[in-house]
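Novice: After the structure tokens below, expect a handful of questions from me.
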Amino acid sequence: MRFKPMASFGAAVVAAFMVAAPAAAFQPDRPIEVMVHSGPGAGNDVFAREVIKVLTEIKAVPQNMQVVNKTGGGGLVAMSYLNEKKGETHLVAVFTSVWWVNPMIRKEGKVTMKDLTPIARLILEPAVMAVRSDSAYKTAKDFFEAAKKSPGKLKQSGGSISGRDNTTRALLQKAAGAEWQFISMKSGGERVAALLGGHVDMMIMEPSEALEQIRAGKVRVIATLMDKRIVSVPDVSTIREQGYDVPEVPQARGFVGPPGMPSEVRTYWEGVFSKMHKSKEWQAEVKKNHYVDGFLIGAPLNKFVDEYAVTMRGILQVAGVKIVR
Amino acid sequence: MEILTGLMQGFAVALEPMNLFWCFIGVFFGTVVGVLPGLGPSATVALLLPLTMQMNPTAGLIMLAGIYYGAKYGGSTTAILLNVPGESSSVVTCIDGFEMARRGRAGPALGMAAISSFVAGTFGVLLLMLVAPPVAEFALRFGPPEYFALMALGLSMVVLLAGRSMIKALLAMLVGLWLATIGIDLFTDGARYTFEQIELMDGVDFVVVAIGVFAIGEVLANLSVQTSGQMFPVPKGLRNLLPNWQDLKDSRFALVNGSIVGFFVGVLPGAGSTIASFVSYGLEKAVSRHPEKFGTGVVEGVAAPEAANNSETGGALVPLLTLGIPGSATTAILLAALILWGLRPGPLLIQDNPQMFWGLVASMYIGNVMLLILNLPLVPLFAQILRLPGYVLYPVILGISIVGVYSLDQRLFDIWLVGGFGLLGFLMRRLDYPSAPLILGLVLGDLMENAVRQSLMMSNGDISILYSRPLAATMLLLTAAILAGPLFRQVNNWRVKAMEQEA
């Protein structure tokens, strides 16, 4: 019993040291691994490489950064790999919404975002409803009305049923009181090809996917699925403006570290991403890729991690995806 | 005329010393990773992608594309010499290529692989240059029902891959189809046959199965029978190490067939070079005057699949460059590269960057010539590998197989898996089951299942969607014709026998 005050005094000293010398305490002294849960060329992979490009340009990190693709299990391999690297200081990973969804829908997914060390949320990626440019649907309303007239006849191409395009479809169907088919396709290329070829009627895309097709006159956006209009298609009204009460489901992307990342290391990475966020190089990338800036660190980020889990769980339930935990 | 001026411009770009240098680096690395099993073009392109960030996009694209088509050249080397497919697309090359090596014709097989790669690779670029936009539009007409018909056509090739027993070939194919179902189901997100193993959630990698069944199975089968000294005869003299006039004459149709099939299958975003090589091999056998000799080491059996998988590269670049849609793992990374360089891949890419497009096209003509010059002299050198005695060669095959499989995902699990498939391959050889139908089932199973389920979802369960669309119907008719072939021959045999008995 007599030692207890001593112990807490010791802890206080340690804590004081950590507060006293935060940023200077950690500097990377070997190359940094940036882990991505998808293969080279996928959206997250491009995102990671873009971040590395900017960090190199603005010289924010004194060491080389390299992308490591840990694919498999739709992100589970990457999450369990990160979980095993407890205390590793030269490793960060890109998170997306599947990092929340996977543990909820897969028995094998035992690691959650709460086990890891979220560092920074960087962007939100909005979604838009797109149709072929010669289609009769000019607004989301046109599409919903047509779907109501012939239930189950219209088709949407997309990925897996736990993916954002299907969960969003569930929300839209509920709000519009209409029903249409969701055709899962393996690769993004197949989904766009199916839309362009007229095999499906609609696709929920990310603006970066859609904009070149719009510019070439192949695709038309009939609604944006965000609360505010997005800069890249300013003339297109939001789904709420068109009178449907659909919550926005943005894809969040940012960086997360292994469990138990020392606080001075977390502070270091927060500093790096803050510096990047302020740079004009990063803002140019955000604009070029039609992302929405969603920078968040520290306590607000922790809050987001909890809230996003609740949101995703609710959406999955609406979409009828089986939840295991 | 427009094409001519474009091409002139392109050559001006491609012949700049630095671009020539990057083109050479690309095709050289491509050949090397092509020869090494496991490590494929997509991994290599990804690995070298950061290097190109400081280069100008045209030079970068020239180099990365060089890796892509260069790897297709190298893939046949280990397939022919060691029965180890270097790339997924060279599985079909193993069938006749390795038999040729066994009969002392490794040189002509390797030489023919290089020549058909060159001819078809150049043909693919030619079509890319001449007909890319209309062909891309045509490819968009392929929806799920058309893909289903294409896969059915591919699967019907089993009757052509069957050896002595059709029943055994069908059984092997069914095992392949079953293996294809392992993993997360795309439509329900449910796991099938994964036993809660994360490693199995993405299914069984096709390369692991191919290396196990072909390479390790072969080694085990050879070890189980007493052999001594040198494995295969290697003829002396350069003349016997390169294809002769007769080989070229025998392969002329295979070159045409492979080039055309490869290009058009390549254009389709939902198919790939492995399917292209299977289909062209099947077609070659179907129209051959001596189909019974296929699988015993005929030169057309090497020329057709090698032509197809090289022409496929030109085809695969079509949707990428004209529509911004990637059709394969490697083109997906090329798409990422274009984005990272600040270009905007999409339908307007060529219009916005004519210099880059024409520079790439011209560099691919040059790169194919470089590859031929690089690969042909290597033939006699590589053929000497077969002089090695078994006690040296077998451990080497096992070693490169294991390293190759491990390099896929750096997982120990895959090494156990490849060992298991090696045993399966050994048993299949012992019991005289052909291995190619198993690979065929595995490659097509997943795609075919997806296509049929997508089609039925599109039609709300009405099965007529599969055969009522003209393109799909045509392919299904072709499938029926191929399936009826052996039956027809069988009936004919009976008729002849009956007539003989009467007489």
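Ligands are numbered from 1 in the order shown, residues from 1 within each chain, and chains are lettered A, B, ... in the order they appear in the structure tokens.
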List as a ChimeraX atom specification the protein and nucleic acid residues near A:Lys228, meaning an atom at most 7 Å away when only C-alpha atoms are counted, but skip any in the same chain fewer than 2 places from it.

Specialist: /A:226,230,238

Novice: Quick check: residues of chain A within 7 Å of chain B, only C-alpha atoms, returned as a PyMOL selection string.

Specialist: chain A and resi 40-41+46+50+72-73+77+108+155+160-161+183-184+189-190+193-194+196-197+199+212-213+216

Novice: Take the residues that were just selected and, keeping C-alpha atoms, output them as a PDB file, in the first residue's frame.

Specialist:
ATOM      1  CA  PRO A  40      -2.009  -2.116 -56.885  1.00  0.00           C
ATOM      2  CA  GLY A  41      -4.219   0.112 -59.011  1.00  0.00           C
ATOM      3  CA  VAL A  46      -3.836   5.239 -55.809  1.00  0.00           C
ATOM      4  CA  GLU A  50      -0.825  10.210 -54.036  1.00  0.00           C
ATOM      5  CA  GLY A  72      -6.907 -10.757 -49.028  1.00  0.00           C
ATOM      6  CA  GLY A  73     -10.175 -11.325 -47.257  1.00  0.00           C
ATOM      7  CA  VAL A  77      -5.557  -9.767 -43.930  1.00  0.00           C
ATOM      8  CA  GLU A 108     -13.094 -14.115 -39.347  1.00  0.00           C
ATOM      9  CA  LYS A 155     -30.793  -2.716 -62.922  1.00  0.00           C
ATOM     10  CA  SER A 160     -20.427  -6.785 -53.306  1.00  0.00           C
ATOM     11  CA  ILE A 161     -23.636  -6.480 -51.329  1.00  0.00           C
ATOM     12  CA  ILE A 183     -26.037  -6.856 -60.191  1.00  0.00           C
ATOM     13  CA  SER A 184     -22.724  -7.605 -58.461  1.00  0.00           C
ATOM     14  CA  GLY A 189     -14.038  -1.944 -65.072  1.00  0.00           C
ATOM     15  CA  GLU A 190     -16.818  -4.476 -65.600  1.00  0.00           C
ATOM     16  CA  ALA A 193     -18.555  -1.291 -69.041  1.00  0.00           C
ATOM     17  CA  ALA A 194     -21.973  -2.740 -68.148  1.00  0.00           C
ATOM     18  CA  LEU A 196     -21.794   2.095 -70.969  1.00  0.00           C
ATOM     19  CA  GLY A 197     -22.946  -0.997 -72.865  1.00  0.00           C
ATOM     20  CA  HIS A 199     -26.700  -3.840 -69.840  1.00  0.00           C
ATOM     21  CA  GLU A 212     -14.085  11.677 -67.588  1.00  0.00           C
ATOM     22  CA  GLN A 213     -17.101   9.750 -68.857  1.00  0.00           C
ATOM     23  CA  ALA A 216     -16.744  12.599 -73.113  1.00  0.00           C
TER      24      ALA A 216
END

Novice: Do a neighbour search on B:Pro486 at 12 Å with only C-alpha atoms, toss out local chain neighbours closer than 5 positions, and write the hits as a short mmCIF file (atom, residue, chain, number, x, y, z; two decimals) with N, CA and C atoms, in the first residue's frame.

Specialist:
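Saved as part-v2.cif:
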data_model
loop_
_atom_site.label_atom_id
_atom_site.label_comp_id
_atom_site.auth_asym_id
_atom_site.auth_seq_id
_atom_site.Cartn_x
_atom_site.Cartn_y
_atom_site.Cartn_z
N SER B 156 -16.17 -25.75 -73.27
CA SER B 156 -16.36 -26.85 -74.21
C SER B 156 -15.02 -27.35 -74.75
N MET B 157 -13.98 -26.53 -74.57
CA MET B 157 -12.65 -26.94 -75.01
C MET B 157 -12.20 -28.21 -74.30
N VAL B 158 -12.90 -28.57 -73.24
CA VAL B 158 -12.50 -29.76 -72.49
C VAL B 158 -12.51 -30.99 -73.38
N VAL B 159 -13.45 -31.04 -74.34
CA VAL B 159 -13.49 -32.23 -75.20
C VAL B 159 -12.25 -32.29 -76.07
N LEU B 160 -11.61 -31.11 -76.26
CA LEU B 160 -10.42 -31.09 -77.09
C LEU B 160 -9.16 -31.33 -76.26
N LEU B 161 -9.27 -31.04 -74.96
CA LEU B 161 -8.11 -31.23 -74.10
C LEU B 161 -8.06 -32.65 -73.54
N ALA B 162 -9.16 -33.38 -73.72
CA ALA B 162 -9.21 -34.73 -73.15
C ALA B 162 -8.18 -35.62 -73.83
N SER B 165 -9.38 -40.60 -72.29
CA SER B 165 -10.69 -40.84 -71.70
C SER B 165 -11.45 -39.54 -71.47
N MET B 166 -12.62 -39.44 -72.09
CA MET B 166 -13.44 -38.25 -71.92
C MET B 166 -13.96 -38.14 -70.49
N ALA B 286 -9.29 -28.07 -83.05
CA ALA B 286 -10.57 -28.39 -83.69
C ALA B 286 -10.44 -28.40 -85.21
N PRO B 291 -5.78 -33.85 -85.16
CA PRO B 291 -6.06 -33.45 -83.77
C PRO B 291 -5.53 -34.46 -82.75
N GLU B 292 -5.41 -35.71 -83.17
CA GLU B 292 -4.98 -36.73 -82.21
C GLU B 292 -3.54 -36.52 -81.76
N ALA B 480 -21.94 -25.76 -79.17
CA ALA B 480 -22.64 -27.00 -79.47
C ALA B 480 -21.90 -27.77 -80.56
N ALA B 481 -21.40 -27.03 -81.55
CA ALA B 481 -20.68 -27.69 -82.64
C ALA B 481 -19.43 -28.39 -82.11
N VAL B 491 -19.92 -41.69 -83.83
CA VAL B 491 -20.97 -42.27 -84.67
C VAL B 491 -20.38 -42.74 -85.98
N ASN B 492 -19.51 -41.91 -86.53
CA ASN B 492 -18.88 -42.25 -87.79
C ASN B 492 -18.06 -43.54 -87.67
N ASN B 493 -17.35 -43.65 -86.53
CA ASN B 493 -16.56 -44.86 -86.29
C ASN B 493 -17.45 -46.10 -86.30
#

Novice: I need the residues in stretch 197-305 of chain A that are strand (DSSP E) according to DSSP; give them as a list in words.

Specialist: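 Checking each residue of stretch 197-305 of chain A, the strand (DSSP E) ones are Met202, Met203, Ile204, Met205, Val219, Arg220, Val221, Ile222, Ala223, Thr224, Gln251, Ala252, Arg253, Gly254, Phe255, Val256, Gly257, Val292, Asp293, Gly294, Phe295, Leu296 and Ile297 of chain A.
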